[in-house]
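All remarks here apply to the structure that follows.
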Amino acid sequence: MNDIAAQYQKFILRRPLMALIHTPAVVIHVTDYGESDKIVTFYTQKYGKTAAIAKGAKRSKKRFLNKLEYFSLLDIIADTARHSSLLRLDQAELIAPYPFLRKSIQYYNGAMLICELMRLGTRENDCDDKLYNLLVWSLSELNKGQSMSDIIIFFQLRMLKLMGYQLSLSCCTNCGIKISNVNTFSFSAVHNGLVCTRCIPVRGGQFSSLSMNTIKTLEMGQSLSLEKLSRLKFSQQSTREALTLLRNYIPYLLQRDVHSWKQLEQNFVD
């Protein structure tokens, strides 16, 4: 083997191995990178949350035009390198742009909240097919014009359940007394469940008051299939109570603010 051939062989052996990934994916975050590129975070069906650099995306007239937008459902092909967690996006075909969400500022903000929660609440390359299906279901239902507050509540309930933080709503987490119309309950973020009025002084901390109707609706929201979930409706009072609970509980779990909440707080209840 001559010197040139030997040098080429060494280069081939040192070069990071590349592999193509091909998967449906939802855009959950986009940032500009340099003058012409974008870094896009996806939640994918096959690989969970992952990020990719889209070379030339800011100037693209064909390959990425109007595709790398928040909450777009895409079919992507990307390269993965041995020494980097950042993919290189090669192709992106639009499956569902969810146009209604881009026409209504309220529904746009609701979809942005869902994307932010997916970004903050999931780990890189930790695939969960049920979580992906929940994400797509939630965006699809919002795009149909379903009740935004209901879908936002359902998404968070089911996301918490899939993450191992299902709300404990059957009894007081301190004394064990079962829920009934006779007793009054509040939700404790610290204890991930209900606390009856008698035990609040014992438990201490912050609480979110819940009516019996809200507790029962939340329980059903945690157990129904996605196909039946959109038929379940919250009353105006239950909407306020459920949103207050989730507004306080999820940032407590994440130990950080969820900025999209601020855009939504005036939109949920007329």
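Labels used: A, B, ... for chains in the order of the structure tokens, numbers from 1 for residues in each chain, and numbers from 1 for ligands as shown.
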
As a VMD selection string, please: every residue in range 123-196 of chain A that a backbone DSSP assignment puts in helix (DSSP H, G or I). chain A and resid 129 to 143 148 to 162

Strand (DSSP E) positions in range 193-249 of chain A, given as a list of chain:residue names: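 Put together, the selection reads A:Gly193, A:Leu194, A:Val195, A:Cys196, A:Phe207, A:Ser208, A:Ser209, A:Leu210.
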
How would the residues just chosen look if you wrote them out with C-alpha atoms as a PDB file, in the first residue's frame?
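Writing done, so here's result_5.pdb:
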ATOM      1  CA  GLY A 193     -52.511  14.260  46.358  1.00  0.00           C
ATOM      2  CA  LEU A 194     -55.561  15.291  48.308  1.00  0.00           C
ATOM      3  CA  VAL A 195     -55.604  16.497  51.892  1.00  0.00           C
ATOM      4  CA  CYS A 196     -58.864  16.818  53.801  1.00  0.00           C
ATOM      5  CA  PHE A 207     -52.990  23.914  48.770  1.00  0.00           C
ATOM      6  CA  SER A 208     -55.354  24.191  45.806  1.00  0.00           C
ATOM      7  CA  SER A 209     -59.040  23.870  46.730  1.00  0.00           C
ATOM      8  CA  LEU A 210     -61.014  21.297  44.749  1.00  0.00           C
TER       9      LEU A 210
END

May I have the residues within 12 Å of range 224-229 of chain A as a PyMOL selection string, using only C-alpha atoms and disregarding those fewer than 3 positions away in the same chain? chain A and resi 130-131+133-138+140-141+146-147+150-151+153-155+157-158+217-221+232-234

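You can rank A:Lys178, A:Lys58, A:Lys49, A:His191 by their closest distance to Gln166 in chain A using only C-alpha atoms, and at the top of that list sits A:His191.
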
Considering only C-alpha atoms, return as a PyMOL selection string whatever protein or nucleic-acid residues lie within 9 Å of Asp128 in chain A, sequence-local ones (same chain, fewer than 4 positions apart) excluded. chain A and resi 44-48+132-133+162

Create the file for the chosen residues now, containing C-alpha atoms and written as a PDB file, in the first residue's frame.
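The resulting again.pdb:
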ATOM      1  CA  THR A  44     -39.988  12.049  17.772  1.00  0.00           C
ATOM      2  CA  GLN A  45     -41.962   8.841  17.669  1.00  0.00           C
ATOM      3  CA  LYS A  46     -38.903   6.586  17.541  1.00  0.00           C
ATOM      4  CA  TYR A  47     -36.218   8.432  19.493  1.00  0.00           C
ATOM      5  CA  GLY A  48     -37.986  10.730  21.956  1.00  0.00           C
ATOM      6  CA  TYR A 132     -45.664  11.015  21.471  1.00  0.00           C
ATOM      7  CA  ASN A 133     -49.247   9.895  20.774  1.00  0.00           C
ATOM      8  CA  LEU A 162     -46.807   8.861  31.959  1.00  0.00           C
TER       9      LEU A 162
END

Nearest residue to Leu94 in chain A out of A:Ser180, A:Thr214, A:Ser72, A:Asn109, using only C-alpha atoms? A:Ser72

Considering only C-alpha atoms, can you say which of A:Leu160, A:Ala25, A:Leu65, A:Ala111 comes closest to Ile95 in chain A? A:Ala25
